[in-house]
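Below you'll find the structure, written out as C-alpha cells, and then a few comments.
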Amino acid sequence: MVMFPHCYFNRCIGKYGLLALSHSKLKTLRCFLFAAKYGTGLAPCAFTESNMAESQDWNPATAPFTGVLQDEDLLRTTHISSSDVSSSSTGLYVLDLINCGSLEPERTLYSKMLNKCTYLRKLKQGRAIHAHIQSSAFENDPVLLNFILNMYAKCGSLEEAQDLFDKMPTKDRVSWTVLISGYSQSRRASEALALFPKMLHLGFQPNEFTLSSLLKASGAGPSDDHGRQLHAFSLKYGYDMNVHVGSSLLDMYARWGHMREAKVIFKSLAAKNVVSWNALIAGHARKGEGEHVMRLFSQMLRQGFEPTHFTYSSVFTACASSGSLEQGKWVHAHVIKSGGQPIAYIGNTLIDMYAKSGSIKDAKKVFQRLVKRDIVSWNSIISGYAQHGLGAEALQLFEQVLKAKVQPNEITFLSVLTACSHSGLLDEGKYYFELMKKHGIEPQVAHHVTVVDLLGRAGRLNEANKFIEEMPMEPTAAVWGALLGACRMHKNMDLGVYAAEKIFELDPHDSGPHVLLSNIYASAGRLRDAGNVRKMMKESGVKKEPACSWVEIENEVHMFVANDDSHPMREEIQRMWEKISGKIKEIGYVPDTSHVLFFMDQQDREVKLQYHSEKLALAFAVLKTPPGLTIRIKKNIRICGDCHSAFKFASKVLGREIIVRDTNRFHHFLHGMCSCRDYW
DNA sequence: TTAGGGTTAG
C-alpha cells in the first residue's frame, strides 16, 4: 500500500519547502520528516535544492540529512494527534500516514520507531506504537514484541514489560535477556537474578548479552555464590573472553571490593576496551586508591585508549579522595587539551575534586562556568563551602537553589546542616532542619547526627541529649559519638561517660570513643578510670588507628606517620621542625600536652607532640617547596589541638597559607589564624 | 532484536 512513487524527484511544495522522495523506504521516511520539519516552523535545513539533487546517490553515512534531522524529528512521527498535522498528502507525518491507512508500515519501520522511543526514553509514544502494532498484522510478531518489551523495560516501566512478557505467545532467549537487563538497569537486581534459574529451567541458554546483564545485577549486591556461579558459567561456555562479559565480570568483583580478582580478569582479557579500563579504574577509585588510579590512567593513555567521561569521573574522584590537587589539575588540563569530553559530564566531579583538594576557589570557578547545573552540582559546591567553614556562603548558595526552583534532596540538607555546624550557626541549623520536613524530606540519622553536633558544639549538651531521646529512630553510634565529642570539648564528664557507654554497646570495636572517654577522664583528673579505659581497649583488642598525614609535592604524595624513624630525610625534617618550633615559641606558642597520652611525663609528652604526623608533613613541605607557596596537608584523623595551635603560629612565622584537611573539615591557617575560628 | 563503565553526604 505504499503510495510513494518509486522514483527520484526533488521538488518545492508550498509551505513544506523542499521535499524529496526516493525509492528507499528509510530515505522516504526521512524525506517526509524533512518536510514535516519545514511545515512546523522548526529550524530550516541547511541545504539547498542543488545539493539535494546531488543526494540522488544517497548514502546514509554522507547524506545531507545527517546533522539536520535530530532524533527528536523522528520521534515527531509518533505523535498521533491530528492538531498539528496537515491533511495534505505531502505533509503528513509518517505515523499519520499509517493512521490514514495510506502506508502499511513494514516491520522495520515499526522497529526503528520503537528503537527511537527506547533511546529517547519516550514511553508515551512507545505505547502509541504498541497500540498500532496490536491492530496490525504484526500483533504477534515475536521480533516486534521483543522490541516493544525492550522499549517498556528501558523506559523504566518494568510493570508493563513484565505484563507483556507474561502474555507473549512465544518467548525466546532475547525476550528473557531484555527483561533481565531491564530489571538490572533499573537497579532491581534480585528480580533480574531470579529470572536466571527460571530461564534455564525452561531450556533457554543465556548468551553474552544475558550474562553481562546478570553480572551487572550481581555486582550490585554483596559478594555471593550466585555471582561466582555466573563466573563459572561464563568460563564453561567460553563467554569470559567476550569483552562485554569480561568487563562485567571484572566490574562485579571490583564492586565487591575484590580488586585482586578484578585485576586478574582484566589481565586475562585479550580484547580490552575503554569500558574494561573504566571498570578497573572505578574500582580502585571507589576504594580511594589514588595511586593505583593514576598509574592505570597513565597506562591506558600510553596504550592509546582515549579516556571517556566515565574515566575522568573516576580519576577526579580518586584525586578528591587523596586530596591530590596537582594531579587533579594535570588531569583537568588533559581534559581541556583533548577537547573531546564535554565538561558537563564531569563538572560535578571536578567541583568535588577541587573542593576536597583544598582549592575552594577553583571549585567555585568550575561551578560558575557550568552550563547545566543539576542538584549534584549544587550539593557538591555547598558541601565544599561547608567543609571549608564558609557557612554563610553555603547558605547563600542554598537560597539560590530554592530560587532556581531546583528540588533539594537529603544530601543538600545534610550539606547545609554541616555548613551550619562548622560555622556555629545554631539558629540557622535549627531552621533548616525544620525546613527540610516542609520540603517533604524526612530527616535521616545523618541529619540528626549533624544537629547533635551543632547543639553540642554550642555547649547545649542537655538540649542535644534531649534531641537524641526524641529521635524518631534508634540513635546510632554516630549520634552518641557527636554528643561524646561535645562532652570532651565542654568537659562534661557525666554525660560523656553516658554517651560512651551507649557507643560501646553499639560499636565496641571503634577506637575513637575509647580514646575520647579516656581523655575526658584524664582531663578531669580521674587517671585510674582513664587507665581502665585503655586497659579495656587492650583486652578487647581495640586498636587506635595510627595517625597519618599526606602532603603532595611535585605530583607525588608523601606519607608521614607519627614518630616515624624510617623516613630517609628524618634528620632534616626533625631539624626543620625544631627550627619552626623555636620560632613559634618566641611569638607565644606553648605546647599543649593534654592531647598526648596522659600517663607520660611532661617531657616525654612534649617529645611525642613534636613528631605528630602533620608536623612532620609541614616540615617536609617547607623543606621541599619555595617560600610563600601554599602548603596542603591531609590527615586521616582529626587534627589535634596542639598541632592546630602550632600551625596558626607557623602560618605567621613562615608567611604562608597552610591548609589542612582532616576527617571532619578543612582548616586554612593564615596570618596566625585559622578559618575554623577554633571552632571544630 | 538483547549487554558492560562515572558524579554529591556521613
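Residue numbers start at 1 in each chain; chains themselves are named A, B, ... in the order of the C-alpha cells; ligands are numbered from 1 in the order shown.
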Residues of chain A within 7 Å of chain B, only C-alpha atoms (C1' of nucleotides) counted, as an MDAnalysis selection string: chainID A and resid 143 146:147 174 177:178 208:210 212:213 244:245 247:248 275 278:279 309:311 313:314 348:349 376 379:380 411 414:415 446
Compile the contact shell of region 618-624 of chain A as number ranges by chain: residues with an atom at most 10 Å away, counting only C-alpha atoms (C1' of nucleotides), same-chain residues fewer than 3 positions apart removed. A: 549-554, 558, 560, 569-570, 572-580, 613-615, 627-633, 647, 650, 654, 656, 658, 660
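Separating CA of Glu505 (chain A) from CA of His448 (chain A) is a distance of 19.5 Å.
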Using DSSP on the backbone coordinates, identify all residues within region 485-573 of chain A classified as alpha helix (DSSP H); present the result as a ChimeraX atom specification. /A:485-489,493-506,511-523,527-539,570-573
Could the residues in this selection be written to a file with C-alpha atoms, as a PDB file, in the first residue's frame?
```pdb
ATOM      1  CA  GLY A 485      32.812  14.778  71.177  1.00  0.00           C
ATOM      2  CA  ALA A 486      30.885  17.754  72.513  1.00  0.00           C
ATOM      3  CA  CYS A 487      31.271  16.456  76.083  1.00  0.00           C
ATOM      4  CA  ARG A 488      35.017  16.279  75.563  1.00  0.00           C
ATOM      5  CA  MET A 489      35.021  19.822  74.213  1.00  0.00           C
ATOM      6  CA  MET A 493      32.286  14.025  82.250  1.00  0.00           C
ATOM      7  CA  ASP A 494      28.980  12.535  83.393  1.00  0.00           C
ATOM      8  CA  LEU A 495      27.156  12.926  80.108  1.00  0.00           C
ATOM      9  CA  GLY A 496      30.337  11.877  78.277  1.00  0.00           C
ATOM     10  CA  VAL A 497      30.505   8.615  80.183  1.00  0.00           C
ATOM     11  CA  TYR A 498      26.824   8.012  79.472  1.00  0.00           C
ATOM     12  CA  ALA A 499      27.326   8.620  75.725  1.00  0.00           C
ATOM     13  CA  ALA A 500      30.442   6.454  75.640  1.00  0.00           C
ATOM     14  CA  GLU A 501      28.627   3.551  77.267  1.00  0.00           C
ATOM     15  CA  LYS A 502      25.940   3.773  74.619  1.00  0.00           C
ATOM     16  CA  ILE A 503      28.604   3.641  71.920  1.00  0.00           C
ATOM     17  CA  PHE A 504      30.388   0.664  73.461  1.00  0.00           C
ATOM     18  CA  GLU A 505      27.086  -1.240  73.331  1.00  0.00           C
ATOM     19  CA  LEU A 506      26.506  -0.380  69.693  1.00  0.00           C
ATOM     20  CA  SER A 511      38.854   3.123  68.985  1.00  0.00           C
ATOM     21  CA  GLY A 512      37.697   6.759  68.683  1.00  0.00           C
ATOM     22  CA  PRO A 513      35.213   6.833  71.582  1.00  0.00           C
ATOM     23  CA  HIS A 514      37.597   4.881  73.812  1.00  0.00           C
ATOM     24  CA  VAL A 515      40.302   7.471  73.304  1.00  0.00           C
ATOM     25  CA  LEU A 516      37.840  10.320  73.803  1.00  0.00           C
ATOM     26  CA  LEU A 517      36.494   8.853  77.024  1.00  0.00           C
ATOM     27  CA  SER A 518      39.961   8.172  78.324  1.00  0.00           C
ATOM     28  CA  ASN A 519      40.874  11.793  77.638  1.00  0.00           C
ATOM     29  CA  ILE A 520      37.706  13.034  79.334  1.00  0.00           C
ATOM     30  CA  TYR A 521      38.640  11.084  82.452  1.00  0.00           C
ATOM     31  CA  ALA A 522      42.235  12.254  82.269  1.00  0.00           C
ATOM     32  CA  SER A 523      41.354  15.912  81.963  1.00  0.00           C
ATOM     33  CA  LEU A 527      43.620   8.828  85.966  1.00  0.00           C
ATOM     34  CA  ARG A 528      42.576   5.416  87.246  1.00  0.00           C
ATOM     35  CA  ASP A 529      39.366   5.481  85.175  1.00  0.00           C
ATOM     36  CA  ALA A 530      41.331   6.674  82.194  1.00  0.00           C
ATOM     37  CA  GLY A 531      43.739   3.789  82.666  1.00  0.00           C
ATOM     38  CA  ASN A 532      40.827   1.359  82.883  1.00  0.00           C
ATOM     39  CA  VAL A 533      39.530   2.507  79.526  1.00  0.00           C
ATOM     40  CA  ARG A 534      42.969   1.939  78.000  1.00  0.00           C
ATOM     41  CA  LYS A 535      43.086  -1.473  79.641  1.00  0.00           C
ATOM     42  CA  MET A 536      39.651  -2.286  78.304  1.00  0.00           C
ATOM     43  CA  MET A 537      40.831  -1.323  74.828  1.00  0.00           C
ATOM     44  CA  LYS A 538      43.811  -3.601  75.101  1.00  0.00           C
ATOM     45  CA  GLU A 539      41.803  -6.530  76.422  1.00  0.00           C
ATOM     46  CA  ARG A 570      64.122  12.203  59.039  1.00  0.00           C
ATOM     47  CA  GLU A 571      67.028  14.206  60.411  1.00  0.00           C
ATOM     48  CA  GLU A 572      66.482  17.159  58.122  1.00  0.00           C
ATOM     49  CA  ILE A 573      62.757  17.034  58.810  1.00  0.00           C
TER      50      ILE A 573
END
```
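Atom to atom, CA of Leu149 (chain A) and CA of Leu164 (chain A) stand 6.7 Å apart.
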Using only C-alpha atoms (C1' of nucleotides), which protein or nucleic acid residues come within 8 Å of Cys155 (chain A)? Drop anything in the same chain fewer than 5 positions from it, and give the result as a ChimeraX atom specification. /A:118,121-123
Can you tell me which residues surround Val406 (chain A) at a distance of at most 8 Å, considering only C-alpha atoms (C1' of nucleotides), apart from same-chain residues fewer than 3 positions away, and format the answer as a PyMOL selection string? chain A and resi 374-375+401-403
Export, as a PDB file, in the first residue's frame, the selected residues with N, CA, C and O atoms.
```pdb
ATOM      1  N   ASP A 374      22.923  20.540  37.853  1.00  0.00           N
ATOM      2  CA  ASP A 374      21.883  19.712  38.447  1.00  0.00           C
ATOM      3  C   ASP A 374      22.057  19.748  39.967  1.00  0.00           C
ATOM      4  O   ASP A 374      22.938  20.439  40.482  1.00  0.00           O
ATOM      5  N   ILE A 375      21.249  18.984  40.662  1.00  0.00           N
ATOM      6  CA  ILE A 375      21.298  19.062  42.129  1.00  0.00           C
ATOM      7  C   ILE A 375      22.651  18.566  42.652  1.00  0.00           C
ATOM      8  O   ILE A 375      23.136  19.037  43.679  1.00  0.00           O
ATOM      9  N   VAL A 401      19.477  27.793  45.262  1.00  0.00           N
ATOM     10  CA  VAL A 401      18.867  26.525  44.829  1.00  0.00           C
ATOM     11  C   VAL A 401      17.349  26.685  44.854  1.00  0.00           C
ATOM     12  O   VAL A 401      16.650  26.341  43.898  1.00  0.00           O
ATOM     13  N   LEU A 402      16.866  27.223  45.970  1.00  0.00           N
ATOM     14  CA  LEU A 402      15.420  27.383  46.103  1.00  0.00           C
ATOM     15  C   LEU A 402      14.874  28.358  45.051  1.00  0.00           C
ATOM     16  O   LEU A 402      13.832  28.117  44.452  1.00  0.00           O
ATOM     17  N   LYS A 403      15.636  29.438  44.822  1.00  0.00           N
ATOM     18  CA  LYS A 403      15.208  30.432  43.847  1.00  0.00           C
ATOM     19  C   LYS A 403      15.168  29.847  42.439  1.00  0.00           C
ATOM     20  O   LYS A 403      14.288  30.146  41.648  1.00  0.00           O
TER      21      LYS A 403
END
```
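Backbone DSSP over region 485-609 of chain A yields strand (DSSP E) at Cys548, Ser549, Trp550, Val551, Glu552, Ile553, Glu556, Val557, His558, Met559, Phe560 and Val561 of chain A.
Going from CA of Ala192 (chain A) to CA of Ala217 (chain A) covers 6.7 Å.
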If you count only C-alpha atoms (C1' of nucleotides), which residues fall within 9 Å of Leu397 (chain A), apart from same-chain ones fewer than 6 positions away, as a list in words? Trp378, Ile381 and Ile382 of chain A
Selected residues, C-alpha atoms, written as a compact mmCIF listing (two decimals), in the first residue's frame, please.
```txt
# COMPACT_ATOMS: atom_id res chain seq x y z
CA TRP A 378 24.74 22.38 43.85
CA ILE A 381 29.68 23.20 45.89
CA ILE A 382 27.55 23.66 49.03
```
Show which residues sit within 9 Å of Arg107 (chain A), as a list in words. Count only C-alpha atoms (C1' of nucleotides), and ignore same-chain residues fewer than 2 positions away. Pro105, Leu109, Tyr110, Ser111, Lys112, Phe138, Asp141, Val143 and Leu144 of chain A
Residue subset to file, keeping N, CA and C atoms, as a PDB file, in the first residue's frame:
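Output file again.pdb is given in full below:
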```pdb
ATOM      1  N   PRO A 105       2.973   0.073   7.277  1.00  0.00           N
ATOM      2  CA  PRO A 105       4.380   0.009   7.665  1.00  0.00           C
ATOM      3  C   PRO A 105       4.900  -1.414   7.652  1.00  0.00           C
ATOM      4  N   LEU A 109      10.014  -0.457   9.883  1.00  0.00           N
ATOM      5  CA  LEU A 109       9.612   0.899  10.257  1.00  0.00           C
ATOM      6  C   LEU A 109       9.146   0.913  11.713  1.00  0.00           C
ATOM      7  N   TYR A 110       8.328  -0.071  12.077  1.00  0.00           N
ATOM      8  CA  TYR A 110       7.890  -0.161  13.475  1.00  0.00           C
ATOM      9  C   TYR A 110       9.091  -0.313  14.402  1.00  0.00           C
ATOM     10  N   SER A 111       9.997  -1.192  14.040  1.00  0.00           N
ATOM     11  CA  SER A 111      11.125  -1.464  14.939  1.00  0.00           C
ATOM     12  C   SER A 111      12.013  -0.236  15.080  1.00  0.00           C
ATOM     13  N   LYS A 112      12.175   0.503  13.973  1.00  0.00           N
ATOM     14  CA  LYS A 112      13.017   1.698  14.053  1.00  0.00           C
ATOM     15  C   LYS A 112      12.365   2.755  14.938  1.00  0.00           C
ATOM     16  N   PHE A 138       1.069  -7.421  12.564  1.00  0.00           N
ATOM     17  CA  PHE A 138       2.273  -7.845  13.309  1.00  0.00           C
ATOM     18  C   PHE A 138       1.996  -8.059  14.792  1.00  0.00           C
ATOM     19  N   ASP A 141       3.989 -10.756  16.220  1.00  0.00           N
ATOM     20  CA  ASP A 141       5.323 -10.934  15.649  1.00  0.00           C
ATOM     21  C   ASP A 141       6.357 -11.019  16.780  1.00  0.00           C
ATOM     22  N   VAL A 143       9.592 -10.888  16.970  1.00  0.00           N
ATOM     23  CA  VAL A 143      10.695  -9.914  16.993  1.00  0.00           C
ATOM     24  C   VAL A 143      10.177  -8.535  17.424  1.00  0.00           C
ATOM     25  N   LEU A 144       9.039  -8.140  16.850  1.00  0.00           N
ATOM     26  CA  LEU A 144       8.491  -6.835  17.233  1.00  0.00           C
ATOM     27  C   LEU A 144       8.092  -6.814  18.700  1.00  0.00           C
TER      28      LEU A 144
END
```
